[in-house]
file run.txt (compact mmCIF, C-alpha atoms and all ligand atoms)
# COMPACT_ATOMS: atom_id res chain seq x y z
CA MET E 41 -8.10 0.85 23.19
CA GLU E 42 -11.45 -0.89 23.73
CA PHE E 43 -12.56 -3.76 21.54
CA LYS E 44 -15.99 -5.32 21.14
CA ASN E 45 -14.87 -8.83 20.17
CA LEU E 46 -11.43 -9.10 21.76
CA THR E 47 -9.72 -8.56 25.05
CA VAL E 48 -6.17 -7.31 25.16
CA GLU E 49 -4.40 -7.75 28.49
CA ILE E 50 -0.98 -6.29 29.00
CA GLU E 51 1.08 -8.13 31.59
CA LYS E 52 4.39 -6.42 30.97
CA PRO E 53 6.46 -7.49 29.08
CA ILE E 54 3.88 -9.70 27.35
CA ALA E 55 0.39 -9.11 26.00
CA ILE E 56 -2.47 -11.56 25.57
CA VAL E 57 -4.96 -11.07 22.76
CA THR E 58 -8.10 -13.16 23.31
CA VAL E 59 -10.80 -13.53 20.69
CA ASN E 60 -13.90 -13.14 22.81
CA ARG E 61 -17.03 -14.45 21.10
CA PRO E 62 -17.51 -17.67 23.08
CA LYS E 63 -21.18 -18.10 22.09
CA VAL E 64 -20.09 -18.73 18.51
CA LEU E 65 -16.84 -20.50 19.45
CA ASN E 66 -14.92 -17.27 18.72
CA ALA E 67 -15.87 -17.33 15.03
CA LEU E 68 -14.38 -14.42 13.11
CA ASN E 69 -16.78 -11.88 11.69
CA LEU E 70 -15.40 -8.96 9.70
CA GLU E 71 -15.47 -6.71 12.74
CA THR E 72 -13.36 -9.17 14.77
CA VAL E 73 -10.81 -9.52 11.98
CA SER E 74 -10.55 -5.71 11.79
CA GLU E 75 -10.14 -5.51 15.54
CA LEU E 76 -7.34 -8.08 15.43
CA GLY E 77 -5.49 -5.90 12.93
CA ALA E 78 -5.93 -2.85 15.17
CA ALA E 79 -4.87 -4.78 18.30
CA PHE E 80 -1.67 -6.15 16.78
CA SER E 81 -0.77 -2.74 15.32
CA MET E 82 -1.35 -1.16 18.72
CA LEU E 83 0.84 -3.78 20.44
CA GLU E 84 3.61 -3.33 17.87
CA ALA E 85 3.71 0.35 18.85
CA ASN E 86 3.71 -0.36 22.61
CA ALA E 87 7.30 -0.42 23.88
CA ASP E 88 6.24 -2.20 27.08
CA VAL E 89 5.22 -5.28 25.08
CA ARG E 90 7.94 -7.62 23.82
CA ALA E 91 6.01 -10.82 23.06
CA ILE E 92 2.35 -11.58 22.36
CA ILE E 93 0.06 -14.55 22.93
CA MET E 94 -3.09 -15.02 20.84
CA THR E 95 -5.81 -17.28 22.20
CA GLY E 96 -9.58 -17.82 22.30
CA SER E 97 -12.01 -17.33 25.18
CA GLY E 98 -13.59 -20.31 26.89
CA GLU E 99 -12.35 -23.87 26.96
CA LYS E 100 -13.80 -25.10 23.71
CA ALA E 101 -12.36 -23.01 20.93
CA PHE E 102 -9.41 -20.99 19.79
CA VAL E 103 -11.38 -19.82 16.74
CA ALA E 104 -13.93 -22.07 14.99
CA GLY E 105 -13.43 -20.32 11.65
CA ALA E 106 -14.98 -17.45 9.83
CA ASP E 107 -18.45 -16.54 11.07
CA ILE E 108 -20.60 -18.61 8.73
CA THR E 109 -23.69 -16.50 9.50
CA GLU E 110 -22.02 -13.64 7.60
CA PHE E 111 -21.85 -15.77 4.43
CA ARG E 112 -25.56 -16.09 3.76
CA GLY E 113 -26.90 -14.05 0.89
CA LYS E 114 -23.48 -12.57 0.15
CA THR E 115 -21.98 -12.36 -3.31
CA ALA E 116 -18.35 -12.97 -4.25
CA PRO E 117 -17.61 -9.22 -4.62
CA GLU E 118 -19.02 -8.73 -1.12
CA MET E 119 -16.89 -11.52 0.37
CA ILE E 120 -13.59 -10.67 -1.31
CA PRO E 121 -12.96 -7.74 1.09
CA PHE E 122 -13.43 -10.18 4.00
CA ALA E 123 -10.74 -12.50 2.66
CA LYS E 124 -8.54 -9.52 1.85
CA LYS E 125 -8.94 -8.20 5.39
CA GLY E 126 -7.86 -11.60 6.75
CA HIS E 127 -4.80 -11.53 4.49
CA ASP E 128 -3.95 -7.99 5.62
CA VAL E 129 -4.20 -8.89 9.31
CA ALA E 130 -2.04 -11.99 8.83
CA ARG E 131 0.58 -9.84 7.10
CA ILE E 132 0.48 -7.33 9.97
CA MET E 133 1.19 -10.25 12.33
CA GLU E 134 4.01 -11.61 10.18
CA SER E 135 5.68 -8.30 9.45
CA MET E 136 5.61 -6.88 12.97
CA GLY E 137 8.81 -7.12 14.97
CA LYS E 138 7.46 -8.93 18.02
CA PRO E 139 6.94 -12.69 18.28
CA ILE E 140 3.36 -13.97 18.49
CA ILE E 141 2.57 -17.38 19.96
CA ALA E 142 -0.83 -18.93 19.31
CA ALA E 143 -2.08 -20.70 22.45
CA VAL E 144 -4.55 -23.00 20.74
CA ASN E 145 -6.99 -23.91 23.49
CA GLY E 146 -9.60 -25.75 21.40
CA TYR E 147 -10.99 -25.77 17.86
CA ALA E 148 -8.72 -23.99 15.37
CA LEU E 149 -10.74 -24.50 12.23
CA GLY E 150 -10.81 -22.59 8.95
CA GLY E 151 -9.88 -18.98 9.71
CA GLY E 152 -8.82 -20.11 13.19
CA CYS E 153 -6.22 -22.47 11.80
CA GLU E 154 -5.24 -19.74 9.33
CA MET E 155 -4.80 -17.08 12.01
CA SER E 156 -2.77 -19.50 14.12
CA MET E 157 -0.50 -20.05 11.12
CA ALA E 158 0.14 -16.30 10.88
CA CYS E 159 1.56 -16.51 14.41
CA ASP E 160 5.25 -17.32 14.80
CA MET E 161 4.52 -20.60 16.55
CA ARG E 162 1.64 -22.67 17.87
CA PHE E 163 1.36 -24.24 21.30
CA ALA E 164 -1.73 -26.42 21.65
CA ALA E 165 -3.85 -27.98 24.36
CA ASP E 166 -4.00 -31.76 24.00
CA THR E 167 -7.74 -31.29 23.43
CA ALA E 168 -7.32 -28.87 20.51
CA LYS E 169 -8.47 -29.74 17.01
CA PHE E 170 -7.13 -28.27 13.79
CA GLY E 171 -8.56 -28.28 10.31
CA GLN E 172 -9.51 -26.50 7.13
CA PRO E 173 -13.13 -27.67 6.79
CA GLU E 174 -14.17 -25.08 4.17
CA ILE E 175 -14.52 -27.74 1.47
CA LEU E 176 -17.45 -29.19 3.45
CA LEU E 177 -19.27 -25.87 2.93
CA GLY E 178 -18.48 -25.75 -0.79
CA LEU E 179 -15.67 -23.29 -0.17
CA ILE E 180 -11.92 -23.13 0.05
CA PRO E 181 -9.76 -21.46 2.71
CA GLY E 182 -9.73 -17.70 2.09
CA MET E 183 -7.41 -16.33 4.76
CA GLY E 184 -4.18 -17.85 3.56
CA GLY E 185 -4.80 -21.53 4.33
CA THR E 186 -4.07 -22.81 0.84
CA GLN E 187 -0.65 -21.18 1.06
CA ARG E 188 0.57 -21.14 4.66
CA LEU E 189 -0.46 -24.71 5.45
CA ALA E 190 1.65 -26.06 2.59
CA ARG E 191 4.58 -23.91 3.67
CA LEU E 192 4.35 -25.28 7.21
CA VAL E 193 3.60 -28.96 6.69
CA GLY E 194 4.47 -29.55 3.02
CA PRO E 195 2.15 -29.72 0.02
CA GLY E 196 1.13 -33.37 0.32
CA ILE E 197 -0.29 -33.20 3.86
CA ALA E 198 -1.70 -29.73 3.19
CA ARG E 199 -3.65 -31.06 0.20
CA GLU E 200 -4.98 -33.91 2.33
CA LEU E 201 -6.32 -31.40 4.88
CA VAL E 202 -7.66 -28.81 2.44
CA TYR E 203 -9.25 -31.27 -0.01
CA GLY E 204 -10.56 -33.60 2.69
CA GLY E 205 -11.69 -31.02 5.26
CA GLU E 206 -11.10 -33.39 8.17
CA GLN E 207 -10.20 -32.25 11.65
CA ILE E 208 -6.95 -33.49 13.18
CA THR E 209 -5.93 -33.79 16.82
CA ALA E 210 -3.27 -31.66 18.48
CA GLN E 211 -1.01 -34.72 18.57
CA ARG E 212 -1.35 -35.22 14.81
CA ALA E 213 -0.80 -31.49 14.27
CA TYR E 214 2.41 -31.85 16.28
CA GLU E 215 3.52 -34.85 14.21
CA ILE E 216 3.10 -32.96 10.92
CA GLY E 217 4.86 -29.84 12.20
CA LEU E 218 1.80 -27.61 12.41
CA VAL E 219 2.16 -27.35 16.17
CA ASN E 220 5.37 -26.72 18.12
CA ARG E 221 4.31 -28.07 21.51
CA VAL E 222 1.33 -29.87 23.04
CA TYR E 223 0.40 -29.44 26.71
CA PRO E 224 -2.41 -30.77 28.91
CA ALA E 225 -5.21 -28.22 28.49
CA ALA E 226 -4.94 -26.96 32.07
CA GLN E 227 -1.25 -26.12 31.61
CA LEU E 228 -1.40 -24.52 28.16
CA MET E 229 -1.61 -20.89 29.18
CA GLU E 230 0.93 -21.15 31.99
CA GLU E 231 3.46 -22.88 29.72
CA THR E 232 2.82 -20.48 26.85
CA LYS E 233 3.32 -17.51 29.15
CA LYS E 234 6.58 -19.02 30.42
CA PHE E 235 7.86 -19.31 26.87
CA ALA E 236 6.61 -15.83 25.92
CA LEU E 237 8.50 -14.42 28.91
CA LYS E 238 11.64 -16.19 27.72
CA LEU E 239 11.28 -14.56 24.31
CA ALA E 240 10.51 -11.20 25.90
CA ALA E 241 13.83 -11.42 27.77
CA LYS E 242 15.81 -11.81 24.53
CA PRO E 243 17.40 -8.76 22.85
CA SER E 244 14.31 -7.35 21.13
CA HIS E 245 16.06 -5.80 18.15
CA ALA E 246 17.89 -9.02 17.29
CA LEU E 247 14.66 -10.99 17.68
CA LYS E 248 12.90 -8.58 15.33
CA MET E 249 15.71 -8.97 12.77
CA ALA E 250 15.48 -12.77 13.06
CA LYS E 251 11.72 -12.67 12.49
CA LEU E 252 11.98 -10.29 9.54
CA ALA E 253 14.80 -12.27 7.91
CA MET E 254 12.86 -15.51 8.24
CA ASN E 255 9.50 -14.14 7.12
CA TYR E 256 10.73 -11.97 4.25
CA GLY E 257 13.32 -14.46 3.08
CA TYR E 258 10.94 -17.40 2.94
CA ASP E 259 9.49 -16.78 -0.51
CA LEU E 260 12.65 -15.55 -2.19
CA SER E 261 15.31 -17.40 -4.10
CA LEU E 262 18.10 -18.55 -1.79
CA ASP E 263 20.45 -15.86 -3.14
CA ASN E 264 17.92 -13.09 -2.48
CA ALA E 265 16.92 -14.54 0.86
CA LEU E 266 20.57 -14.58 1.92
CA MET E 267 20.79 -10.90 0.95
CA VAL E 268 17.80 -10.19 3.22
CA GLU E 269 19.57 -12.12 5.97
CA THR E 270 22.76 -10.09 5.43
CA GLN E 271 20.83 -6.83 5.72
CA CYS E 272 19.09 -7.94 8.90
CA PHE E 273 22.39 -9.27 10.29
CA ALA E 274 24.03 -5.91 9.51
CA GLN E 275 21.18 -4.06 11.22
CA CYS E 276 22.14 -5.77 14.48
CA TRP E 277 25.34 -3.70 14.45
CA SER E 278 23.28 -0.51 14.61
CA HIS E 279 21.78 -1.42 17.98
CA PRO E 280 23.31 -1.17 21.49
CA ASP E 281 22.02 -4.68 22.36
CA LEU E 282 24.94 -6.13 20.39
CA GLU E 283 27.61 -4.28 22.36
CA GLU E 284 25.84 -5.28 25.57
CA GLY E 285 25.50 -8.96 24.57
CA VAL E 286 29.07 -9.29 23.31
CA SER E 287 30.47 -7.51 26.38
CA ALA E 288 28.45 -9.76 28.67
CA PHE E 289 29.90 -12.79 26.87
N1 LIG P 301 -19.55 -19.45 12.46
C1 LIG P 301 -20.66 -19.09 13.15
N2 LIG P 301 -21.12 -19.74 14.23
C2 LIG P 301 -20.43 -20.80 14.66
C3 LIG P 301 -19.27 -21.25 14.01
C4 LIG P 301 -18.82 -20.52 12.86
N3 LIG P 301 -17.71 -20.84 12.19
N4 LIG P 301 -18.79 -22.34 14.65
C5 LIG P 301 -19.63 -22.56 15.67
N5 LIG P 301 -20.61 -21.64 15.67
C6 LIG P 301 -21.74 -21.54 16.63
C7 LIG P 301 -22.76 -22.61 16.38
O1 LIG P 301 -23.68 -22.22 15.36
C8 LIG P 301 -23.43 -22.70 17.74
O2 LIG P 301 -24.33 -21.62 17.87
P1 LIG P 301 -25.78 -21.89 18.57
O3 LIG P 301 -25.43 -22.26 20.00
O4 LIG P 301 -26.47 -20.57 18.45
O5 LIG P 301 -26.42 -23.00 17.83
C9 LIG P 301 -22.28 -22.43 18.70
O6 LIG P 301 -21.25 -21.80 17.93
C10 LIG P 301 -21.70 -23.71 19.29
O7 LIG P 301 -21.35 -24.56 18.23
P2 LIG P 301 -21.87 -26.07 18.06
O8 LIG P 301 -21.83 -26.44 16.64
O9 LIG P 301 -23.17 -26.24 18.78
O10 LIG P 301 -20.75 -26.84 18.90
P3 LIG P 301 -20.27 -28.33 18.67
O11 LIG P 301 -19.41 -28.64 19.83
O12 LIG P 301 -21.41 -29.22 18.40
O13 LIG P 301 -19.38 -28.29 17.34
C11 LIG P 301 -17.72 -27.40 15.83
C12 LIG P 301 -18.21 -27.52 17.29
C13 LIG P 301 -16.54 -26.43 15.82
C14 LIG P 301 -17.26 -28.77 15.30
C15 LIG P 301 -18.88 -26.87 14.95
O14 LIG P 301 -19.42 -25.71 15.58
C16 LIG P 301 -18.47 -26.48 13.56
O15 LIG P 301 -18.29 -27.35 12.73
N6 LIG P 301 -18.32 -25.17 13.31
C17 LIG P 301 -18.00 -24.69 11.99
C18 LIG P 301 -16.53 -24.89 11.67
C19 LIG P 301 -16.22 -24.41 10.27
O16 LIG P 301 -16.72 -24.94 9.29
N7 LIG P 301 -15.35 -23.40 10.16
C20 LIG P 301 -14.93 -22.86 8.91
C21 LIG P 301 -15.84 -21.80 8.46
S1 LIG P 301 -15.36 -21.18 6.88

call {"tool": "encode", "arguments": {"input": "run.txt", "output": "structure tokens"}}
result
Amino acid sequence: MEFKNLTVEIEKPIAIVTVNRPKVLNALNLETVSELGAAFSMLEANADVRAIIMTGSGEKAFVAGADITEFRGKTAPEMIPFAKKGHDVARIMESMGKPIIAAVNGYALGGGCEMSMACDMRFAADTAKFGQPEILLGLIPGMGGTQRLARLVGPGIARELVYGGEQITAQRAYEIGLVNRVYPAAQLMEETKKFALKLAAKPSHALKMAKLAMNYGYDLSLDNALMVETQCFAQCWSHPDLEEGVSAF
């Protein structure tokens, strides 16, 4: 599948999705958001791919937010589908069975921070910057930032970032739990690929069940979440990976 604003490279057993609009620091217009949804759906269906990396082209940005040039002259009813599309794509990423690692190579602002939060984990270059600067434009995050940020870092710090709109360094993002690992910029992709390959080598059905249990259980009461876990746990018995893993042990 060809994309106008993305590249998708398959290096079996991993795939790399790169937002490719470097002239605008990989800002997300509606077309790019739609393409991301199509790319992740395509990769979910590709049996050769077992783990995915999302990154941005160039050295400066992962994604510098929604494309602000698309905001001018728009009305709320015209912009709601944009936010909705962002939500839908994030849900595709969270509900698919394969792990996605964001390799945050530079600015992850607004929709960039939001898309990185829809990934399973975030590895960042030491030069990366994170933030939800929408408030500075008279806006609020519209692709899940008011919700996912609080779930990841807690409501107090999330409020500080959403109300204040300030950018934070990769190191600070690591300290608050937004980022899993920080690497020197030149090593980010190599290290992220190494980790993606490790995940790709894990029993894929069990990994899918772990992801689904964690993502679907998150918003439920503990009792209901434990029921989701039980179902996903039970599903592992329907797959030959279990027999293989237990026998190997
Ligand atoms: N939407 C559209 N275009 C964007 C953009 C965005 N979110 N972010 C950057 N760009 C464009 C700039 O307009 C500029 O285009 P130009 O070369 O035609 O003038 C180009 O990308 C480079 O950006 P520039 O601002 O010159 O780089 P910088 O290094 O001085 O600053 C940022 C980088 C990320 C701090 C700055 O671009 C910025 O604040 N961007 C907006 C971030 C934002 O508010 N995101 C949330 C949107 S809801």

call {"tool": "closest_atom_pairs", "arguments": {"input": "run.txt", "of": "chain E", "to": "ligand LIG 301 (chain P)", "cutoff": "8 Å", "atoms": "all atoms listed in the file", "output": "Markdown table"}}
result
| residue | atom | partner | partner_atom | distance |
| --- | --- | --- | --- | --- |
| E:Pro62 | CA | P:LIG301 | O6 | 7.6 |
| E:Lys63 | CA | P:LIG301 | O6 | 5.6 |
| E:Val64 | CA | P:LIG301 | O6 | 3.3 |
| E:Leu65 | CA | P:LIG301 | O6 | 4.8 |
| E:Asn66 | CA | P:LIG301 | C3 | 7.5 |
| E:Ala67 | CA | P:LIG301 | C4 | 4.9 |
| E:Leu68 | CA | P:LIG301 | N1 | 7.2 |
| E:Lys100 | CA | P:LIG301 | O11 | 7.7 |
| E:Ala101 | CA | P:LIG301 | C13 | 7.4 |
| E:Val103 | CA | P:LIG301 | N3 | 7.9 |
| E:Ala104 | CA | P:LIG301 | N3 | 4.9 |
| E:Gly105 | CA | P:LIG301 | N7 | 3.9 |
| E:Ala106 | CA | P:LIG301 | C21 | 4.6 |
| E:Asp107 | CA | P:LIG301 | N1 | 3.4 |
| E:Ile108 | CA | P:LIG301 | N1 | 4.0 |
| E:Thr109 | CA | P:LIG301 | C1 | 5.4 |
| E:Glu110 | CA | P:LIG301 | C1 | 7.9 |
| E:Tyr147 | CA | P:LIG301 | C13 | 5.9 |
| E:Leu149 | CA | P:LIG301 | N7 | 5.2 |
| E:Gly150 | CA | P:LIG301 | C20 | 4.1 |
| E:Gly151 | CA | P:LIG301 | C20 | 6.4 |
| E:Gly152 | CA | P:LIG301 | N7 | 7.9 |
| E:Gln172 | CA | P:LIG301 | C20 | 6.8 |
| E:Pro173 | CA | P:LIG301 | O16 | 5.2 |
| E:Glu174 | CA | P:LIG301 | S1 | 4.9 |
| E:Leu176 | CA | P:LIG301 | O16 | 7.3 |
| E:Leu177 | CA | P:LIG301 | O16 | 6.9 |
| E:Leu179 | CA | P:LIG301 | S1 | 7.4 |
| E:Ile180 | CA | P:LIG301 | S1 | 7.9 |
| E:Pro181 | CA | P:LIG301 | S1 | 7.0 |

call {"tool": "atom_distance", "arguments": {"input": "run.txt", "atom1": "CA of Met82 (chain E)", "atom2": "CA of Ile54 (chain E)"}}
result
13.2 Å

call {"tool": "residues_around", "arguments": {"input": "run.txt", "residues": "Leu218 (chain E)", "least_positions_apart": "3", "cutoff": "12 Å", "atoms": "all atoms listed in the file", "output": "MDAnalysis selection string"}}
result
chainID E and resid 142 144 148 153:154 156:164 169:171 188:194 197:198 201 208:215 221:222

call {"tool": "write_last_selection", "arguments": {"input": "run.txt", "atoms": "C-alpha atoms", "output": "PDB file, in the coordinates of the input"}}
result
ATOM      1  CA  ALA E 142      -0.830 -18.930  19.310  1.00  0.00           C
ATOM      2  CA  VAL E 144      -4.550 -23.000  20.740  1.00  0.00           C
ATOM      3  CA  ALA E 148      -8.720 -23.990  15.370  1.00  0.00           C
ATOM      4  CA  CYS E 153      -6.220 -22.470  11.800  1.00  0.00           C
ATOM      5  CA  GLU E 154      -5.240 -19.740   9.330  1.00  0.00           C
ATOM      6  CA  SER E 156      -2.770 -19.500  14.120  1.00  0.00           C
ATOM      7  CA  MET E 157      -0.500 -20.050  11.120  1.00  0.00           C
ATOM      8  CA  ALA E 158       0.140 -16.300  10.880  1.00  0.00           C
ATOM      9  CA  CYS E 159       1.560 -16.510  14.410  1.00  0.00           C
ATOM     10  CA  ASP E 160       5.250 -17.320  14.800  1.00  0.00           C
ATOM     11  CA  MET E 161       4.520 -20.600  16.550  1.00  0.00           C
ATOM     12  CA  ARG E 162       1.640 -22.670  17.870  1.00  0.00           C
ATOM     13  CA  PHE E 163       1.360 -24.240  21.300  1.00  0.00           C
ATOM     14  CA  ALA E 164      -1.730 -26.420  21.650  1.00  0.00           C
ATOM     15  CA  LYS E 169      -8.470 -29.740  17.010  1.00  0.00           C
ATOM     16  CA  PHE E 170      -7.130 -28.270  13.790  1.00  0.00           C
ATOM     17  CA  GLY E 171      -8.560 -28.280  10.310  1.00  0.00           C
ATOM     18  CA  ARG E 188       0.570 -21.140   4.660  1.00  0.00           C
ATOM     19  CA  LEU E 189      -0.460 -24.710   5.450  1.00  0.00           C
ATOM     20  CA  ALA E 190       1.650 -26.060   2.590  1.00  0.00           C
ATOM     21  CA  ARG E 191       4.580 -23.910   3.670  1.00  0.00           C
ATOM     22  CA  LEU E 192       4.350 -25.280   7.210  1.00  0.00           C
ATOM     23  CA  VAL E 193       3.600 -28.960   6.690  1.00  0.00           C
ATOM     24  CA  GLY E 194       4.470 -29.550   3.020  1.00  0.00           C
ATOM     25  CA  ILE E 197      -0.290 -33.200   3.860  1.00  0.00           C
ATOM     26  CA  ALA E 198      -1.700 -29.730   3.190  1.00  0.00           C
ATOM     27  CA  LEU E 201      -6.320 -31.400   4.880  1.00  0.00           C
ATOM     28  CA  ILE E 208      -6.950 -33.490  13.180  1.00  0.00           C
ATOM     29  CA  THR E 209      -5.930 -33.790  16.820  1.00  0.00           C
ATOM     30  CA  ALA E 210      -3.270 -31.660  18.480  1.00  0.00           C
ATOM     31  CA  GLN E 211      -1.010 -34.720  18.570  1.00  0.00           C
ATOM     32  CA  ARG E 212      -1.350 -35.220  14.810  1.00  0.00           C
ATOM     33  CA  ALA E 213      -0.800 -31.490  14.270  1.00  0.00           C
ATOM     34  CA  TYR E 214       2.410 -31.850  16.280  1.00  0.00           C
ATOM     35  CA  GLU E 215       3.520 -34.850  14.210  1.00  0.00           C
ATOM     36  CA  ARG E 221       4.310 -28.070  21.510  1.00  0.00           C
ATOM     37  CA  VAL E 222       1.330 -29.870  23.040  1.00  0.00           C
TER      38      VAL E 222
END

call {"tool": "residues_around", "arguments": {"input": "run.txt", "residues": "Ala78 (chain E)", "least_positions_apart": "5", "cutoff": "10 Å", "atoms": "only C-alpha atoms", "output": "number ranges by chain"}}
result
E: 41, 43, 72-73, 83-84, 129, 132

call {"tool": "write_last_selection", "arguments": {"input": "run.txt", "atoms": "C-alpha atoms", "output": "short mmCIF file (atom, residue, chain, number, x, y, z; two decimals), keeping the file's coordinate frame"}}
result
data_model
loop_
_atom_site.label_atom_id
_atom_site.label_comp_id
_atom_site.auth_asym_id
_atom_site.auth_seq_id
_atom_site.Cartn_x
_atom_site.Cartn_y
_atom_site.Cartn_z
CA MET E 41 -8.10 0.85 23.19
CA PHE E 43 -12.56 -3.76 21.54
CA THR E 72 -13.36 -9.17 14.77
CA VAL E 73 -10.81 -9.52 11.98
CA LEU E 83 0.84 -3.78 20.44
CA GLU E 84 3.61 -3.33 17.87
CA VAL E 129 -4.20 -8.89 9.31
CA ILE E 132 0.48 -7.33 9.97
#

call {"tool": "atom_distance", "arguments": {"input": "run.txt", "atom1": "CA of Gly137 (chain E)", "atom2": "CA of Lys233 (chain E)"}}
result
18.4 Å

call {"tool": "atom_distance", "arguments": {"input": "run.txt", "atom1": "CA of Lys251 (chain E)", "atom2": "CA of Pro139 (chain E)"}}
result
7.5 Å

call {"tool": "closest_residue", "arguments": {"input": "run.txt", "among": "E:Ala116, E:Met249, E:Leu262, E:Ala55", "to": "Trp277 (chain E)", "atoms": "all atoms listed in the file"}}
result
E:Met249

call {"tool": "residues_around", "arguments": {"input": "run.txt", "residues": "Val59 (chain E)", "least_positions_apart": "6", "cutoff": "7 Å", "atoms": "all atoms listed in the file", "output": "list in words"}}
result
Asn45, Leu46, Thr47, Asn66, Thr95, Gly96 and Ser97 of chain E

call {"tool": "closest_residue", "arguments": {"input": "run.txt", "among": "E:Thr167, E:Asn145, E:Thr186, E:Ser74", "to": "Phe122 (chain E)", "atoms": "all atoms listed in the file"}}
result
E:Ser74

call {"tool": "residues_around", "arguments": {"input": "run.txt", "residues": "Asn255 (chain E)", "least_positions_apart": "5", "cutoff": "9 Å", "atoms": "all atoms listed in the file", "output": "ChimeraX atom specification"}}
result
/E:134-135,250

call {"tool": "closest_residue", "arguments": {"input": "run.txt", "among": "E:Leu228, E:Ala253, E:Ala85, E:Met94", "to": "Asn60 (chain E)", "atoms": "all atoms listed in the file"}}
result
E:Met94

call {"tool": "build_atoms", "arguments": {"input": "run.txt", "residues": "region 220-231 of chain E", "atoms": "N, CA and C atoms", "output": "mmCIF file, in the frame of the given file"}}
result
data_model
loop_
_atom_site.group_PDB
_atom_site.id
_atom_site.type_symbol
_atom_site.label_atom_id
_atom_site.label_comp_id
_atom_site.auth_asym_id
_atom_site.auth_seq_id
_atom_site.Cartn_x
_atom_site.Cartn_y
_atom_site.Cartn_z
ATOM 1 N N ASN E 220 4.041 -26.602 17.511
ATOM 2 C CA ASN E 220 5.370 -26.720 18.120
ATOM 3 C C ASN E 220 5.373 -27.586 19.365
ATOM 4 N N ARG E 221 4.349 -27.372 20.220
ATOM 5 C CA ARG E 221 4.310 -28.070 21.510
ATOM 6 C C ARG E 221 2.875 -28.385 21.861
ATOM 7 N N VAL E 222 2.676 -29.500 22.563
ATOM 8 C CA VAL E 222 1.330 -29.870 23.040
ATOM 9 C C VAL E 222 1.401 -30.000 24.557
ATOM 10 N N TYR E 223 0.443 -29.382 25.240
ATOM 11 C CA TYR E 223 0.400 -29.440 26.710
ATOM 12 C C TYR E 223 -0.987 -29.920 27.155
ATOM 13 N N PRO E 224 -1.085 -30.525 28.349
ATOM 14 C CA PRO E 224 -2.410 -30.770 28.910
ATOM 15 C C PRO E 224 -3.157 -29.425 28.954
ATOM 16 N N ALA E 225 -4.446 -29.467 28.647
ATOM 17 C CA ALA E 225 -5.210 -28.220 28.490
ATOM 18 C C ALA E 225 -5.022 -27.264 29.677
ATOM 19 N N ALA E 226 -5.003 -27.817 30.885
ATOM 20 C CA ALA E 226 -4.940 -26.960 32.070
ATOM 21 C C ALA E 226 -3.599 -26.228 32.190
ATOM 22 N N GLN E 227 -2.585 -26.753 31.492
ATOM 23 C CA GLN E 227 -1.250 -26.120 31.610
ATOM 24 C C GLN E 227 -0.903 -25.221 30.429
ATOM 25 N N LEU E 228 -1.770 -25.216 29.409
ATOM 26 C CA LEU E 228 -1.400 -24.520 28.160
ATOM 27 C C LEU E 228 -1.023 -23.067 28.389
ATOM 28 N N MET E 229 -1.870 -22.319 29.079
ATOM 29 C CA MET E 229 -1.610 -20.890 29.180
ATOM 30 C C MET E 229 -0.376 -20.608 30.032
ATOM 31 N N GLU E 230 -0.238 -21.356 31.127
ATOM 32 C CA GLU E 230 0.930 -21.150 31.990
ATOM 33 C C GLU E 230 2.231 -21.426 31.219
ATOM 34 N N GLU E 231 2.247 -22.530 30.469
ATOM 35 C CA GLU E 231 3.460 -22.880 29.720
ATOM 36 C C GLU E 231 3.718 -21.887 28.586
#
